[in-house]
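K.L.:
Take this structure, written in structure tokens, and hold onto it; I'll ask about it next.
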Amino acid sequence: MSTAAPRLRFRDAQIEMAHGAGGKASRRLVEGLIAPLLMGSAAGPLTDAAQVAVNGTHIAITADSFVVKPLRFPGGSIGELAVNGTVNDLAVSGAKPEAMVVTYVIEAGLATESLEAEVRAMADAAARAGVAIVGGDTKVVEHGKADHMYITTAGIGLPLPGLTLSARSVRPGDAVLLSGPVGDHGITILLARGELDIEAGLTSDTRSVWPFVQAVAAAAGAGLRWMRDPTRGGVATSLNELARDSGCSILLREDRIPVRDAVRGACELLGLDPLHIANEGQFLAVVAAEYADRAFEALQAAGCGEAAIIGEVREQPAGTVLAATGYGGTRVIDMLVGDPLPRIC
Amino acid sequence: MRFVDEFRDAAVIGKTAEEIRRLADPARQYRFMEVCGGHTHAIYRFGLKDLLPPSIELVHGPGCPVCVLPMGRIDDGLAMTAEEGVTFTAFGDMMRVPGTRGSPLEYKARGADVRIVYSPADALRLAEKNPDRHVMFFAIGFETTAPSTALTLMRAKARGIRNFSVFCNHVTIIPGIRAILDSPDMRIDAFLGPGHVSTVIGCRPYEWIARNEGKPIVVSGFEPLDILQSVLMLLRQLGDGECKVENQYKRVVPWDGNRAALAAIAEVFELRNYFEWRGMGFISQSALRIREKYADWDAERRFSVPGIRVTDPKAAQCGEVLKGVLKPAQCKLFANECTPERPVGALMVSSEGSCAAYFNYEHRKTLTQIAVPA
Amino acid sequence: MCLAIPAKIIAFAPGEESRAMVDVVGVRRYIDTGLLADDPPRAGDWVLVHVGFAMSKVSEAEALDQIRILNALGEDDAARQEAEGYGDRAELESS
């Protein structure tokens, strides 16, 4: 496989934290080194899950890894993130999550009750999400070689019939839907680390989005073009990837983007943009204009009371995401290089 | 959010923008320099350029303390992590700024104890809670931030917290503005004054700009309505042939400044004879250092640092962009060798630096008219 | 240097005159009010917070006045004259 790989575009001498943050640097690493070597010229736009055909049956398959500090935070823990994150990757690829496997890489010295808490959390989350955990692996590494615990997963699902989800299906005029408020998870984690000494009463939004994806898919049918769960890097990153992969432009309406007061307050205080903050229980859906209202109503009826149509797809400026401020101007919404950092200037 | 949302009200913004269009003389080209990086950021974030007539150009000045910090000083601060037991603390703004051997985050990835703090008080508290470590706080900022560093040092001394030091890189705004005005290529008609610096120094320090240099200056807040109203006030002055200091940000800026804050600065700091501003060269009496009576908390005395001056590549035209002579996109390195991901010069290292702000928020908006839905 | 936001003082830390809990739409943090020692704020006051320190009090009267003046723009000549005279008033008050 690797013999066919062209000279690699990724030329950094070493791997840095930014390469794992889900932003521009991550994309450069994956597109410039990993994807070409593993998938050669077959590598298309990066998606949340891939589809493979096994004896004519199409199966969606995804993998994910979870590295979070602290392990437990208001609204969840690493175990729940692991299950919901895997389930959501399958869901937004248009597949019903069926089964997953999990590996634990555990730092020696971790209290058994911590591990037990996470395994229980995963069992509960899997039951809630209707997915079976059917196997896995466990490794223990020396003290200091893992932040308490890393979890990796792989999941499979059955694609819903009749859907062709792809950035290339997206057309100018399509509507961009968002299932709920942005930034809850990322800000919760940031504050839970305790270094900023800020309290906000926020909880992570981690949950399976499969029921809501089903609702949108049922309402929009073939008019559903593309979906993504905006995790690390936030809505800004996901939509920038869409703009790039589709060759279209996205125009958001800033005043339509749902965000909780406390998230907004924390972002203002720290100089962060909610559009760059991770979410673990939301998804974006691009839907043909004629299905937009129907899909929006279906989302609301399914339980996403704060869902919103946040923008539309346009032709120009291609490859770019813009936000209309609500008082006559626009600004470019870009991907970050690495994780968002608080600022004082 | 109270005292924020009112100043982002779409209807009032519309009226103010309309009044600006009415007052602006279409036969005239206005160049207003906003001195503060926070204004640069706000202008882009709120899409304010789209609301102004083409005759008004907002030029970004040198008021970005991260941008004007020479790379050698970053190296000096990071060199302190080589010593055993040292915790390097700084604002998030500093974390990705490259030194010769990497940024603070890169040092962290290599094992140094580097932590983001929101406040110098948090760095002091970290020292209190970790007596076995020495906590060094890398202080940056103009007069807005210096009083907080000063008060923190006063508290450290009063509480006898010895495992704490500050590496002081505070700079003062007036010499920076003076350097802009002294530049022969300068073509600025008026200034938007730094609103938050002014909560400390007040409005009097700008009087020489109006009186001696003949440039109106309006001390401006940071919300869309603040900036737009300030533009309006500048237009009125220019239209009436007036030239004075005005305070637009009256809800927080006292004309005489904050005495207690200025007293804290005077208690802890003194002026350096000169200090290098990246992209602008050495400027006299433009930076603060810690006084002798706080020597025990001065990282510069406690640690021995390389103190090597690092110059930017000649091709980087930061100085000209800083002075408003060139626009970011006119620098040959812009968006090629110099990007926010791989900054070469000063103005790309901080998200509020003119080049970074322009790159992130603007330059992909082509000349295509974007019809914004009502 | 410029990121500062208005926050409401909820309460002071017991026994500490310069340490106050502030609130911004439900987000809370302790801040130092030592820079306002000349005219210390009280619970219920709004202050401008920068890097965990209160820099000044926020004047509601000035804030309302500013919005009122801007709102009157484009209405009648009297309002316009007042808006244009805004700067004059500021200078008069300060000298």
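Order determines the names: the first chain of the structure tokens is A, the second B, and so forth; residues in each chain are numbered 1 upward, and ligands are numbered 1 upward as they are shown.
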Would you give me, as CSV, each residue of chain C having an atom within 9 Å of an atom of chain A, along with its shortest atom pair and that distance in Å to one decimal, using only C-alpha atoms and sorting by chain and residue number?

P.N.:
residue,atom,partner,partner_atom,distance
C:Met1,CA,A:Cys345,CA,4.1
C:Cys2,CA,A:Cys345,CA,4.7
C:Leu3,CA,A:Cys345,CA,5.1
C:Ala4,CA,A:Leu269,CA,7.3
C:Ile5,CA,A:Leu269,CA,6.5
C:Val24,CA,A:Gly265,CA,5.8
C:Val25,CA,A:Ala262,CA,5.8
C:Gly26,CA,A:Ala262,CA,5.5
C:Val27,CA,A:Ala200,CA,4.3
C:Arg28,CA,A:Glu199,CA,5.1
C:Arg29,CA,A:Ile198,CA,4.9
C:Tyr30,CA,A:Asp197,CA,7.7
C:Val49,CA,A:Leu269,CA,8.6
C:His50,CA,A:Ile344,CA,7.5
C:Val51,CA,A:Ile344,CA,6.6

K.L.:
Among range 156-288 of chain A, which ones does DSSP place in helix (DSSP H, G or I), written as a PyMOL selection string?

P.N.:
chain A and resi 167-169+184-192+210-223+234-246+254-256+261-270+274-276

K.L.:
Please identify every residue of chain C that has at least one atom no more than 8 Å from any atom of chain B, counting only C-alpha atoms, and report them as a PyMOL selection string.

P.N.:
chain C and resi 1-4+6+24-25+34-38+48+50-53+55-63+67+70-71+73-74+84+87+90-91+94

K.L.:
Using N, CA and C atoms, can you export the residues from the last selection as an mmCIF file, in the first residue's frame?

P.N.:
data_model
loop_
_atom_site.group_PDB
_atom_site.id
_atom_site.type_symbol
_atom_site.label_atom_id
_atom_site.label_comp_id
_atom_site.auth_asym_id
_atom_site.auth_seq_id
_atom_site.Cartn_x
_atom_site.Cartn_y
_atom_site.Cartn_z
ATOM 1 N N MET C 1 -4.062 43.346 26.520
ATOM 2 C CA MET C 1 -4.151 44.485 27.430
ATOM 3 C C MET C 1 -5.560 45.000 27.516
ATOM 4 N N CYS C 2 -6.414 44.530 26.631
ATOM 5 C CA CYS C 2 -7.673 45.249 26.493
ATOM 6 C C CYS C 2 -8.904 44.456 26.875
ATOM 7 N N LEU C 3 -8.757 43.196 27.163
ATOM 8 C CA LEU C 3 -9.959 42.426 27.412
ATOM 9 C C LEU C 3 -10.414 42.664 28.839
ATOM 10 N N ALA C 4 -11.520 43.409 28.965
ATOM 11 C CA ALA C 4 -12.063 43.680 30.286
ATOM 12 C C ALA C 4 -13.563 43.642 30.153
ATOM 13 N N PRO C 6 -17.584 44.025 32.069
ATOM 14 C CA PRO C 6 -18.346 44.500 33.229
ATOM 15 C C PRO C 6 -18.909 43.305 33.992
ATOM 16 N N VAL C 24 -21.021 37.276 36.004
ATOM 17 C CA VAL C 24 -21.353 37.706 34.639
ATOM 18 C C VAL C 24 -22.262 36.643 34.058
ATOM 19 N N VAL C 25 -23.537 36.963 33.908
ATOM 20 C CA VAL C 25 -24.555 35.995 33.474
ATOM 21 C C VAL C 25 -24.324 34.587 34.031
ATOM 22 N N GLY C 34 -8.496 45.789 45.020
ATOM 23 C CA GLY C 34 -7.495 46.660 45.627
ATOM 24 C C GLY C 34 -7.176 47.919 44.836
ATOM 25 N N LEU C 35 -7.374 47.890 43.511
ATOM 26 C CA LEU C 35 -7.063 49.077 42.714
ATOM 27 C C LEU C 35 -8.140 50.151 42.861
ATOM 28 N N LEU C 36 -9.257 49.795 43.502
ATOM 29 C CA LEU C 36 -10.331 50.772 43.701
ATOM 30 C C LEU C 36 -10.375 51.211 45.161
ATOM 31 N N ALA C 37 -9.234 51.127 45.838
ATOM 32 C CA ALA C 37 -9.181 51.420 47.271
ATOM 33 C C ALA C 37 -9.620 52.843 47.600
ATOM 34 N N ASP C 38 -9.455 53.771 46.662
ATOM 35 C CA ASP C 38 -9.846 55.164 46.935
ATOM 36 C C ASP C 38 -11.353 55.327 47.094
ATOM 37 N N LEU C 48 -15.483 47.013 36.146
ATOM 38 C CA LEU C 48 -14.821 46.539 34.933
ATOM 39 C C LEU C 48 -13.675 45.623 35.364
ATOM 40 N N HIS C 50 -10.445 43.147 34.641
ATOM 41 C CA HIS C 50 -9.339 42.808 33.722
ATOM 42 C C HIS C 50 -8.343 41.967 34.505
ATOM 43 N N VAL C 51 -7.975 40.814 33.968
ATOM 44 C CA VAL C 51 -7.065 39.844 34.602
ATOM 45 C C VAL C 51 -7.341 39.674 36.099
ATOM 46 N N GLY C 52 -8.598 39.588 36.455
ATOM 47 C CA GLY C 52 -8.951 39.283 37.830
ATOM 48 C C GLY C 52 -8.878 40.461 38.782
ATOM 49 N N PHE C 53 -8.764 41.679 38.246
ATOM 50 C CA PHE C 53 -8.738 42.877 39.076
ATOM 51 C C PHE C 53 -9.814 43.850 38.599
ATOM 52 N N MET C 55 -10.892 47.359 37.617
ATOM 53 C CA MET C 55 -10.158 48.526 37.129
ATOM 54 C C MET C 55 -10.898 49.834 37.403
ATOM 55 N N SER C 56 -12.212 49.762 37.369
ATOM 56 C CA SER C 56 -13.004 50.960 37.674
ATOM 57 C C SER C 56 -14.443 50.525 37.870
ATOM 58 N N LYS C 57 -15.235 51.412 38.390
ATOM 59 C CA LYS C 57 -16.677 51.134 38.498
ATOM 60 C C LYS C 57 -17.314 51.458 37.156
ATOM 61 N N VAL C 58 -18.410 50.793 36.869
ATOM 62 C CA VAL C 58 -19.144 51.087 35.642
ATOM 63 C C VAL C 58 -20.306 52.002 36.005
ATOM 64 N N SER C 59 -20.373 53.143 35.350
ATOM 65 C CA SER C 59 -21.428 54.102 35.670
ATOM 66 C C SER C 59 -22.658 53.829 34.826
ATOM 67 N N GLU C 60 -23.716 53.441 35.506
ATOM 68 C CA GLU C 60 -24.960 53.157 34.789
ATOM 69 C C GLU C 60 -25.512 54.426 34.152
ATOM 70 N N ALA C 61 -25.355 55.529 34.866
ATOM 71 C CA ALA C 61 -25.881 56.803 34.351
ATOM 72 C C ALA C 61 -25.222 57.163 33.021
ATOM 73 N N GLU C 62 -23.894 57.033 32.969
ATOM 74 C CA GLU C 62 -23.186 57.343 31.725
ATOM 75 C C GLU C 62 -23.582 56.378 30.614
ATOM 76 N N ALA C 63 -23.745 55.115 30.972
ATOM 77 C CA ALA C 63 -24.104 54.118 29.964
ATOM 78 C C ALA C 63 -25.476 54.447 29.360
ATOM 79 N N ILE C 67 -26.451 55.670 25.336
ATOM 80 C CA ILE C 67 -27.425 55.009 24.475
ATOM 81 C C ILE C 67 -28.538 55.986 24.084
ATOM 82 N N LEU C 70 -27.233 58.301 21.338
ATOM 83 C CA LEU C 70 -27.093 57.630 20.044
ATOM 84 C C LEU C 70 -28.447 57.286 19.461
ATOM 85 N N ASN C 71 -29.370 56.920 20.314
ATOM 86 C CA ASN C 71 -30.708 56.579 19.846
ATOM 87 C C ASN C 71 -31.396 57.767 19.207
ATOM 88 N N LEU C 73 -30.060 59.945 17.403
ATOM 89 C CA LEU C 73 -29.472 60.308 16.114
ATOM 90 C C LEU C 73 -30.473 60.111 15.008
ATOM 91 N N GLY C 74 -30.426 61.035 14.059
ATOM 92 C CA GLY C 74 -31.311 60.894 12.900
ATOM 93 C C GLY C 74 -32.728 61.285 13.223
ATOM 94 N N GLU C 84 -24.002 65.979 18.587
ATOM 95 C CA GLU C 84 -22.752 66.562 18.113
ATOM 96 C C GLU C 84 -22.060 67.334 19.211
ATOM 97 N N GLY C 87 -19.254 65.746 22.735
ATOM 98 C CA GLY C 87 -17.844 65.892 23.097
ATOM 99 C C GLY C 87 -17.608 67.136 23.934
ATOM 100 N N ALA C 90 -18.364 66.646 27.497
ATOM 101 C CA ALA C 90 -17.343 65.836 28.169
ATOM 102 C C ALA C 90 -16.187 66.714 28.600
ATOM 103 N N GLU C 91 -15.809 67.631 27.703
ATOM 104 C CA GLU C 91 -14.658 68.459 28.025
ATOM 105 C C GLU C 91 -15.001 69.423 29.148
ATOM 106 N N SER C 94 -14.896 67.818 32.513
ATOM 107 C CA SER C 94 -13.604 67.350 33.007
ATOM 108 C C SER C 94 -12.666 68.484 33.377
#

K.L.:
Neighbours of Ile9 in chain C within 9 Å (only C-alpha atoms; same-chain residues fewer than 5 positions away dropped), as a ChimeraX atom specification?

P.N.:
/C:20-23,41-47

K.L.:
Within 6 Å of chain A, which residues of chain B are there when counting only C-alpha atoms? Please give them as a list in words.

P.N.:
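Result: Ala10, Gly38, Gly47, Asp50, Gly92, Asp93, Tyr361 and Glu362 of chain B.
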
K.L.:
Do you know which residues are at most 7 Å from range 204-217 of chain A counting only C-alpha atoms, after dropping those on the same chain fewer than 4 positions away, and could you put them as a PyMOL selection string?

P.N.:
chain A and resi 74-76+81+84+87-88+91-92+129+184-185+188+221+224+279-282+295+298-299+302

K.L.:
Within 7 Å of range 125-136 of chain B, counting only C-alpha atoms, which residues show up once you throw out same-chain ones fewer than 2 positions away? Write them as a list in words, please.

P.N.:
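Near range 125-136 of chain B, the qualifying residues are Gly85, Val86, Thr87, Phe88, Thr89, Ala121, Asp122, Ala123, Phe138, Ile161, Asn163, Phe164, Ser165, Val166 and Ala299 of chain B.
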
K.L.:
Could you save those same residues with C-alpha atoms as a short mmCIF file (atom, residue, chain, number, x, y, z; two decimals), in the first residue's frame?

P.N.:
data_model
loop_
_atom_site.label_atom_id
_atom_site.label_comp_id
_atom_site.auth_asym_id
_atom_site.auth_seq_id
_atom_site.Cartn_x
_atom_site.Cartn_y
_atom_site.Cartn_z
CA GLY B 85 11.59 23.29 40.24
CA VAL B 86 10.53 26.34 38.22
CA THR B 87 6.92 26.81 37.12
CA PHE B 88 6.52 29.21 34.19
CA THR B 89 3.16 31.02 34.24
CA ALA B 121 -3.04 36.74 41.45
CA ASP B 122 -3.52 33.14 40.32
CA ALA B 123 0.22 32.80 39.77
CA PHE B 138 5.86 36.32 32.72
CA ILE B 161 5.77 34.65 49.72
CA ASN B 163 8.92 31.36 45.93
CA PHE B 164 7.42 33.81 43.46
CA SER B 165 8.96 36.19 40.91
CA VAL B 166 7.87 38.34 38.01
CA ALA B 299 12.93 37.23 37.94
#

K.L.:
Compile the contact shell of Ile151 in chain A as a PyMOL selection string: residues with an atom at most 9 Å away, counting only C-alpha atoms, same-chain residues fewer than 4 positions apart removed.

P.N.:
chain A and resi 64-67+78-79+82+102-106

K.L.:
So which residues touch Ser284 in chain B within 10 Å, counting only C-alpha atoms, skipping near sequence neighbours fewer than 3 positions away, as a PyMOL selection string?

P.N.:
chain B and resi 175-176+179+271-276+281+287

K.L.:
Keeping only C-alpha atoms, write those residues as an mmCIF file, in the first residue's frame.

P.N.:
data_model
loop_
_atom_site.group_PDB
_atom_site.id
_atom_site.type_symbol
_atom_site.label_atom_id
_atom_site.label_comp_id
_atom_site.auth_asym_id
_atom_site.auth_seq_id
_atom_site.Cartn_x
_atom_site.Cartn_y
_atom_site.Cartn_z
ATOM 1 C CA PRO B 175 6.149 56.460 23.834
ATOM 2 C CA GLY B 176 4.649 54.022 21.347
ATOM 3 C CA ALA B 179 7.186 56.821 17.866
ATOM 4 C CA LEU B 271 11.048 53.245 33.924
ATOM 5 C CA ARG B 272 13.790 51.526 32.003
ATOM 6 C CA ASN B 273 16.033 53.888 30.075
ATOM 7 C CA TYR B 274 15.116 52.173 26.875
ATOM 8 C CA PHE B 275 13.461 48.979 25.705
ATOM 9 C CA GLU B 276 13.204 47.316 22.348
ATOM 10 C CA GLY B 281 13.479 49.407 17.464
ATOM 11 C CA ALA B 287 9.018 50.098 29.601
#

K.L.:
Let me make sure I understand: among B:Met186, B:Val344, B:Val171, B:Leu235, which one has the smallest atom-to-atom distance to Arg289 in chain B if we use only C-alpha atoms?

P.N.:
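Closest candidate: B:Val171.
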
K.L.:
Enumerate, as a ChimeraX atom specification, the complete set of residues in range 135-189 of chain B that a backbone-based DSSP assignment places in strand (DSSP E).

P.N.:
/B:135-141,164-170
